[in-house]
Amino acid sequence: MLDMLAKLLKALNAEGSPTQISLGFAAGLIVGLTPLWSLHNLLLVFLVFLLRINLSAFFLAFAVFSGIAYFADPMMHNIGEALLTSSALNGFWTSLYNQDIWRLAHFNNTLTLGSLVGAIVLAVPLVFVSNFLVKNYRVHVLTWVRKTRVMQLLKASRFYRIYDSLSGVD
Amino acid sequence: MLKWIRPTGAIVFVVLALGIVLFWWLLADWLLKTSIETAGTKAVGAKVELAAADLTFSPLGFHLDKLQVADPKKPMQNLVELDSATGNLELLPLLMGQVIVDEMSATGVRFHTERTKSGAIDKPSVKTPAEDKQPEKKGIDVDAMKEKLPTVDEIMAKEPLTTVEQTKAIQERIKSQRSELEQNVASIPDEDKIKQYEKRLKETTSGDIQSLDELQRREKELENLKDKIRADRDTLVKVRDQASGAKNEINNQYSALKQAPGEDWDRLKSKYGLTTTGAGNITRLLFGDAAATWLQRLLSWSNQIRRLLPSDTDSDKGGKAPEPKKPERGAGRFVHFPTANPLPDFLVRKALLTMELKAGNIKLSLTDATHQPHILGRPMRLHASGKNLENVEQILLDGVIDHINPQSAKDSLQWSVSGWQLADVSISKDATLPLTLAKARTNLSGKVELNGENLAANIDAAFKNAQWSSPAQEGWAGRVIKTLTGIQQFNLDGKIQGDLNSPQLSLRSDLDEQLKQAAAGQLKTAQAELEQKFKARLNEEAAKAAGPHQEQLAFLTKTEGTVEQRINQLDEMLKAELKSAADTKKREVTDKVKDQLKGLKF
């Protein structure tokens, strides 16, 4: 966990694109909130590894949102139930149901659909918000943080040694 | 664009994915075993245990060893146990979240086997309302049919008897009559008073009347005496009538009392089943327990199957599909839509089971076994057959479990068993009539239909070459057994109807008629014995009133005679007085007229 956090801080403090970090958060949110063994998660994890999306942000978000999912599951199930039993959408779901690929994606599972829809709805603003926060962090906070007493103390800790070993340089 | 691609990431992903697949493959058997045990235990409400499970990949399928399903009601017993089961799974539906077993076979299927360890689970099982209500006890009041034949003493103590009541009534009436009558007898004129009347009458009427004044005086005295005599006569008449009425009353009561023992017997003999009508209960008495046990077993199996199937309580009133149950956390539920080939979440297309019964092996085939028949659109069907079994020539069974529409669920089962050689079958263990069917050959056929909660079943059994045995040799049971030994052939028809929770069982057999005929003589003898004893006791009871009745009768007759005699005396006295006075007057007038006529000439 400390490794992961250290890597995240390294990414935040490095010159990497804020979008890579934000996308890592968003992907982690989706995988964390939805049932793990799903076709969409397989695809998403593949994309996370294939594309230069920040893995630390992804795994951290995955861990955090998996915990949140435990409490959010009943609500996500209700969302999926409402969507799948909506008479207005019945024709649409029926057409998907008759295509194997969608069935393989478990779209007709209340929790899978509800949590995926919920996660996507949350992931889009998360990308923009985290993008904004990372940029502002680098401009306004990073310089100030480096000078604080807490940071000085932190530099003497085991965590900083891990962080330092990852970067090699400050 | 390429700056966004991380080539090593794809390799890492593939390695990671392969690692997961390898890990899953290594744990597949354990996961399968655990899944079956966990899901099965939850569904049954008692432990479901597997010795081993093996998941095969080519073809995709499974093999299970030694599956034991504990009975939630009897944890030290298995509901069902099987040696091994093998099945083929369809891959694509499995990836879609559906377990579709194309073909499955199981061997060594046994029922109600003993367990070495308890199969109870800590969490109490969810009971269906039907289980809570214990339906087998309702409507099958077999105990009521086994009323013990009472002794004469028990009848005398238990039953309100007219004889006893009337005996007491007569005794009490005699006492009150005696008291009333004695009080009135005390007020009637006694012998002395009669003699006084005679004396005064003589004085008044005897001697010559010298003058008209004397005549008038004597007439007045006579009139006064007459009034007194008449008053006493009225009292005597009243007492005589009272005695006469009392005699009639007591005689009527006594006549009724003499009829009472017969009436009491007529009323009680039908109640205590000693008429030939009572013999009609023998079928129920003999086969009631066995029928109730089978009914209980049938209902238990029905409940077990129905627990796994959607019921009308799960469904919307207007809809066809059952109301979805709240899924487990993290699982969700699969919603199904119309498709050309609808598949439920779990389906066994065809299963072949070899059941090992005591009599031998029976092959059972199941088709379309699923807990979601409304999705499949086809009912579950079962067929079982067994030939040349030990003591049974053939067993056939066909059933349809139709819960496509839970609101109009209809299950039916029909079976036939031919050439069943019964040996030492305990028919009744009840102490009233312990009975064993030592030997018989029987053919059975029957049908059960369950429409919603409405149960209708019938069973026809024909028994031949029947031989009976029983430790009961004496008394009523002994007589029934003796009668049964002469009956070698009989039919038995059972009907079960009514609500699933409280079905009514009725049993009919020509055994009743045969028993009626064969037992008529014996029953008559028994009836005569009891009648004799009973009537003797009642007559003894009635005799308690006979003595007082005779005494009272004698008393009344004597009183009546005495009073009648005195009335006659008084009547005679009244007549005599009137005659004597008239004659004197007439003589006087005649004499005077004669004297006057002597001086006249014509």
# chains A, B, ... in the order shown; residues from 1 in each chain; ligands from 1

$ interface_residues --of "chain B" --to "chain A" --cutoff "12 Å" --atoms "only C-alpha atoms" --output "number ranges by chain"
B: 1-17, 20-21, 91-98, 323-343, 345

$ write_last_selection --atoms "N, CA and C atoms" --output "compact mmCIF listing (two decimals), in the first residue's frame"
# COMPACT_ATOMS: atom_id res chain seq x y z
N MET B 1 0.17 9.63 -31.15
CA MET B 1 -0.76 8.56 -30.71
C MET B 1 -0.01 7.41 -30.04
N LEU B 2 1.14 7.08 -30.65
CA LEU B 2 1.93 5.94 -30.13
C LEU B 2 2.45 6.17 -28.72
N LYS B 3 2.59 7.50 -28.39
CA LYS B 3 3.08 7.79 -27.03
C LYS B 3 2.09 7.31 -25.96
N TRP B 4 0.84 7.04 -26.36
CA TRP B 4 -0.17 6.54 -25.43
C TRP B 4 -0.11 5.02 -25.27
N ILE B 5 0.58 4.37 -26.19
CA ILE B 5 0.66 2.91 -26.14
C ILE B 5 1.81 2.48 -25.24
N ARG B 6 1.54 1.43 -24.43
CA ARG B 6 2.56 0.89 -23.52
C ARG B 6 2.69 -0.60 -23.87
N PRO B 7 3.56 -0.95 -24.81
CA PRO B 7 3.65 -2.33 -25.30
C PRO B 7 3.87 -3.34 -24.18
N THR B 8 4.71 -3.00 -23.23
CA THR B 8 4.98 -3.96 -22.15
C THR B 8 3.73 -4.24 -21.31
N GLY B 9 2.84 -3.25 -21.29
CA GLY B 9 1.59 -3.39 -20.52
C GLY B 9 0.74 -4.54 -21.03
N ALA B 10 0.71 -4.70 -22.37
CA ALA B 10 -0.08 -5.79 -22.97
C ALA B 10 0.48 -7.13 -22.55
N ILE B 11 1.85 -7.19 -22.53
CA ILE B 11 2.49 -8.46 -22.13
C ILE B 11 2.17 -8.76 -20.66
N VAL B 12 2.28 -7.72 -19.85
CA VAL B 12 1.99 -7.90 -18.42
C VAL B 12 0.55 -8.37 -18.24
N PHE B 13 -0.36 -7.77 -19.01
CA PHE B 13 -1.76 -8.15 -18.92
C PHE B 13 -1.97 -9.62 -19.25
N VAL B 14 -1.33 -10.04 -20.36
CA VAL B 14 -1.48 -11.45 -20.80
C VAL B 14 -0.93 -12.38 -19.72
N VAL B 15 0.23 -12.03 -19.18
CA VAL B 15 0.85 -12.88 -18.15
C VAL B 15 -0.06 -12.93 -16.91
N LEU B 16 -0.57 -11.74 -16.57
CA LEU B 16 -1.46 -11.66 -15.41
C LEU B 16 -2.73 -12.50 -15.63
N ALA B 17 -3.30 -12.38 -16.83
CA ALA B 17 -4.53 -13.12 -17.15
C ALA B 17 -4.28 -14.62 -17.12
N ILE B 20 -4.03 -15.84 -13.62
CA ILE B 20 -5.36 -15.97 -12.97
C ILE B 20 -6.05 -17.25 -13.44
N VAL B 21 -5.97 -17.50 -14.76
CA VAL B 21 -6.61 -18.71 -15.31
C VAL B 21 -5.98 -19.96 -14.68
N LEU B 91 -20.83 -24.47 -22.39
CA LEU B 91 -19.86 -23.41 -22.08
C LEU B 91 -20.45 -22.00 -22.21
N LEU B 92 -21.08 -21.74 -23.37
CA LEU B 92 -21.54 -20.37 -23.61
C LEU B 92 -22.55 -19.91 -22.56
N PRO B 93 -23.58 -20.70 -22.25
CA PRO B 93 -24.49 -20.26 -21.18
C PRO B 93 -23.77 -20.09 -19.84
N LEU B 94 -22.73 -20.93 -19.61
CA LEU B 94 -22.00 -20.82 -18.34
C LEU B 94 -21.33 -19.46 -18.24
N LEU B 95 -20.75 -19.02 -19.36
CA LEU B 95 -20.11 -17.69 -19.38
C LEU B 95 -21.15 -16.59 -19.24
N MET B 96 -22.39 -16.92 -19.61
CA MET B 96 -23.47 -15.93 -19.50
C MET B 96 -24.12 -15.97 -18.11
N GLY B 97 -23.60 -16.82 -17.27
CA GLY B 97 -24.14 -16.89 -15.91
C GLY B 97 -25.20 -17.95 -15.74
N GLN B 98 -25.31 -18.87 -16.70
CA GLN B 98 -26.34 -19.91 -16.60
C GLN B 98 -25.68 -21.29 -16.55
N GLU B 323 -42.40 -12.97 -8.68
CA GLU B 323 -41.78 -11.75 -8.15
C GLU B 323 -40.34 -12.08 -7.78
N PRO B 324 -39.36 -11.27 -8.28
CA PRO B 324 -37.97 -11.61 -7.98
C PRO B 324 -37.66 -11.45 -6.50
N LYS B 325 -36.90 -12.40 -6.00
CA LYS B 325 -36.50 -12.31 -4.60
C LYS B 325 -35.25 -11.44 -4.50
N LYS B 326 -35.06 -10.85 -3.33
CA LYS B 326 -33.91 -9.98 -3.14
C LYS B 326 -32.64 -10.80 -3.25
N PRO B 327 -31.75 -10.41 -4.15
CA PRO B 327 -30.54 -11.23 -4.33
C PRO B 327 -29.54 -11.00 -3.20
N GLU B 328 -28.55 -11.86 -3.17
CA GLU B 328 -27.49 -11.70 -2.18
C GLU B 328 -26.65 -10.48 -2.53
N ARG B 329 -26.01 -9.94 -1.49
CA ARG B 329 -25.13 -8.79 -1.72
C ARG B 329 -24.01 -9.20 -2.69
N GLY B 330 -23.76 -8.33 -3.66
CA GLY B 330 -22.68 -8.57 -4.60
C GLY B 330 -23.02 -9.56 -5.69
N ALA B 331 -24.24 -10.05 -5.74
CA ALA B 331 -24.60 -11.04 -6.76
C ALA B 331 -25.55 -10.47 -7.81
N GLY B 332 -26.48 -9.64 -7.39
CA GLY B 332 -27.50 -9.15 -8.33
C GLY B 332 -28.37 -10.30 -8.79
N ARG B 333 -29.22 -10.00 -9.73
CA ARG B 333 -30.03 -11.09 -10.31
C ARG B 333 -30.10 -10.88 -11.81
N PHE B 334 -30.23 -12.01 -12.48
CA PHE B 334 -30.30 -11.94 -13.95
C PHE B 334 -31.75 -11.75 -14.37
N VAL B 335 -31.98 -10.73 -15.19
CA VAL B 335 -33.32 -10.48 -15.71
C VAL B 335 -33.35 -11.07 -17.12
N HIS B 336 -34.40 -11.84 -17.37
CA HIS B 336 -34.47 -12.52 -18.67
C HIS B 336 -35.51 -11.86 -19.57
N PHE B 337 -35.19 -11.88 -20.87
CA PHE B 337 -36.06 -11.25 -21.86
C PHE B 337 -36.44 -12.30 -22.90
N PRO B 338 -37.49 -11.99 -23.68
CA PRO B 338 -37.91 -12.96 -24.70
C PRO B 338 -36.79 -13.27 -25.69
N THR B 339 -36.65 -14.54 -25.93
CA THR B 339 -35.62 -14.97 -26.88
C THR B 339 -36.09 -16.27 -27.53
N ALA B 340 -35.45 -16.59 -28.62
CA ALA B 340 -35.87 -17.78 -29.37
C ALA B 340 -35.60 -19.04 -28.56
N ASN B 341 -34.56 -19.01 -27.77
CA ASN B 341 -34.20 -20.19 -27.00
C ASN B 341 -33.96 -19.80 -25.53
N PRO B 342 -35.03 -19.56 -24.80
CA PRO B 342 -34.85 -19.08 -23.42
C PRO B 342 -34.25 -20.16 -22.51
N LEU B 343 -33.35 -19.72 -21.68
CA LEU B 343 -32.72 -20.66 -20.74
C LEU B 343 -32.75 -20.09 -19.34
N ASP B 345 -31.53 -19.90 -15.21
CA ASP B 345 -30.18 -19.81 -14.61
C ASP B 345 -29.61 -21.19 -14.33

$ residues_around --residues "B:Glu81" --least-positions-apart "5" --cutoff "10 Å" --atoms "only C-alpha atoms" --output "count of residues only"
19

$ residues_around --residues "B:Met573" --least-positions-apart "5" --cutoff "10 Å" --atoms "only C-alpha atoms" --output "ChimeraX atom specification"
/B:194,197-198,201-202,226,229,567-568,578

$ write_last_selection --atoms "N, CA, C and O atoms" --output "PDB file, in the first residue's frame"
ATOM      1  N   ILE B 194    -117.091 -44.313  62.541  1.00  0.00           N
ATOM      2  CA  ILE B 194    -118.150 -45.000  61.770  1.00  0.00           C
ATOM      3  C   ILE B 194    -119.173 -45.614  62.737  1.00  0.00           C
ATOM      4  O   ILE B 194    -120.385 -45.497  62.531  1.00  0.00           O
ATOM      5  N   TYR B 197    -121.280 -43.050  64.134  1.00  0.00           N
ATOM      6  CA  TYR B 197    -122.322 -42.689  63.168  1.00  0.00           C
ATOM      7  C   TYR B 197    -123.459 -43.727  63.204  1.00  0.00           C
ATOM      8  O   TYR B 197    -124.641 -43.371  63.208  1.00  0.00           O
ATOM      9  N   GLU B 198    -123.090 -45.001  63.280  1.00  0.00           N
ATOM     10  CA  GLU B 198    -124.098 -46.069  63.287  1.00  0.00           C
ATOM     11  C   GLU B 198    -124.997 -45.959  64.532  1.00  0.00           C
ATOM     12  O   GLU B 198    -126.226 -46.101  64.469  1.00  0.00           O
ATOM     13  N   LEU B 201    -127.185 -42.954  64.290  1.00  0.00           N
ATOM     14  CA  LEU B 201    -128.194 -43.213  63.260  1.00  0.00           C
ATOM     15  C   LEU B 201    -129.316 -44.106  63.810  1.00  0.00           C
ATOM     16  O   LEU B 201    -130.507 -43.851  63.580  1.00  0.00           O
ATOM     17  N   LYS B 202    -128.867 -45.107  64.564  1.00  0.00           N
ATOM     18  CA  LYS B 202    -129.845 -46.027  65.175  1.00  0.00           C
ATOM     19  C   LYS B 202    -130.751 -45.278  66.143  1.00  0.00           C
ATOM     20  O   LYS B 202    -131.976 -45.465  66.167  1.00  0.00           O
ATOM     21  N   LYS B 226    -126.366 -36.499  58.399  1.00  0.00           N
ATOM     22  CA  LYS B 226    -126.136 -36.785  56.975  1.00  0.00           C
ATOM     23  C   LYS B 226    -125.055 -35.857  56.403  1.00  0.00           C
ATOM     24  O   LYS B 226    -124.170 -36.287  55.660  1.00  0.00           O
ATOM     25  N   ILE B 229    -121.762 -37.089  57.614  1.00  0.00           N
ATOM     26  CA  ILE B 229    -121.378 -38.332  56.912  1.00  0.00           C
ATOM     27  C   ILE B 229    -120.949 -38.030  55.484  1.00  0.00           C
ATOM     28  O   ILE B 229    -119.953 -38.565  54.986  1.00  0.00           O
ATOM     29  N   ILE B 567    -116.505 -46.031  52.601  1.00  0.00           N
ATOM     30  CA  ILE B 567    -117.437 -45.277  51.758  1.00  0.00           C
ATOM     31  C   ILE B 567    -118.745 -46.061  51.617  1.00  0.00           C
ATOM     32  O   ILE B 567    -119.851 -45.507  51.744  1.00  0.00           O
ATOM     33  N   ASN B 568    -118.608 -47.345  51.388  1.00  0.00           N
ATOM     34  CA  ASN B 568    -119.798 -48.200  51.242  1.00  0.00           C
ATOM     35  C   ASN B 568    -120.642 -48.190  52.521  1.00  0.00           C
ATOM     36  O   ASN B 568    -121.868 -48.134  52.475  1.00  0.00           O
ATOM     37  N   LEU B 578    -132.873 -42.856  55.381  1.00  0.00           N
ATOM     38  CA  LEU B 578    -133.920 -42.271  54.555  1.00  0.00           C
ATOM     39  C   LEU B 578    -135.115 -43.219  54.437  1.00  0.00           C
ATOM     40  O   LEU B 578    -136.262 -42.821  54.555  1.00  0.00           O
TER      41      LEU B 578
END

$ residues_around --residues "A:Pro18" --least-positions-apart "3" --cutoff "6 Å" --atoms "only C-alpha atoms" --output "count of residues only"
3

$ atom_distance --atom1 "atom CA of B:Leu60" --atom2 "atom CA of B:Lys42"
25.8 Å

$ closest_residue --among "B:Leu511, B:Leu27, B:Ile481, B:Val44" --to "B:Ala461" --atoms "only C-alpha atoms"
B:Leu511

$ closest_residue --among "B:Leu236, B:Leu295, B:Leu435, B:Ile174" --to "B:Ile459" --atoms "only C-alpha atoms"
B:Leu295

$ atom_distance --atom1 "atom CA of B:Asn88" --atom2 "atom CA of B:Ile404"
25.0 Å

$ closest_residue --among "B:Leu298, B:Leu492, B:Ala542, B:Ala457" --to "B:Gln171" --atoms "only C-alpha atoms"
B:Ala542

$ atom_distance --atom1 "atom CA of B:Ala231" --atom2 "atom CA of B:Glu219"
18.1 Å

$ select_by_dssp --residues "stretch 124-162 of chain A" --states "alpha helix (DSSP H)" --output "PyMOL selection string"
chain A and resi 124-136+142-147+149-155+158-162

$ residues_around --residues "B:Asp411" --least-positions-apart "3" --cutoff "9 Å" --atoms "only C-alpha atoms" --output "PyMOL selection string"
chain B and resi 399-403+448-452

$ closest_residue --among "B:Gln532, B:Asn443, B:Ser509, B:Thr116" --to "B:Asn78" --atoms "only C-alpha atoms"
B:Thr116

$ residues_around --residues "B:Leu347" --least-positions-apart "3" --cutoff "9 Å" --atoms "only C-alpha atoms" --output "number ranges by chain"
B: 98-102, 343-344, 350, 368-372, 376

$ write_last_selection --atoms "C-alpha atoms" --output "PDB file, in the first residue's frame"
ATOM      1  CA  GLN B  98     -26.335 -19.912 -16.600  1.00  0.00           C
ATOM      2  CA  VAL B  99     -25.586 -23.461 -15.510  1.00  0.00           C
ATOM      3  CA  ILE B 100     -27.010 -25.691 -18.207  1.00  0.00           C
ATOM      4  CA  VAL B 101     -26.390 -29.381 -17.704  1.00  0.00           C
ATOM      5  CA  ASP B 102     -27.005 -31.076 -20.991  1.00  0.00           C
ATOM      6  CA  LEU B 343     -32.722 -20.662 -20.744  1.00  0.00           C
ATOM      7  CA  PRO B 344     -33.084 -20.412 -16.977  1.00  0.00           C
ATOM      8  CA  LYS B 350     -31.877 -34.725 -18.964  1.00  0.00           C
ATOM      9  CA  ASP B 368     -36.125 -30.106 -17.922  1.00  0.00           C
ATOM     10  CA  ALA B 369     -35.353 -29.910 -14.233  1.00  0.00           C
ATOM     11  CA  THR B 370     -35.086 -26.250 -13.273  1.00  0.00           C
ATOM     12  CA  HIS B 371     -36.170 -23.867 -10.534  1.00  0.00           C
ATOM     13  CA  GLN B 372     -37.305 -21.373 -13.216  1.00  0.00           C
ATOM     14  CA  LEU B 376     -38.016 -22.472 -19.963  1.00  0.00           C
TER      15      LEU B 376
END

$ select_by_dssp --residues "stretch 323-372 of chain B" --states "strand (DSSP E or B)" --output "PyMOL selection string"
chain B and resi 334+346-357+360-369

$ closest_residue --among "B:Thr293, B:Ala260, B:Ala43, B:Asp54" --to "B:Glu165" --atoms "only C-alpha atoms"
B:Ala260
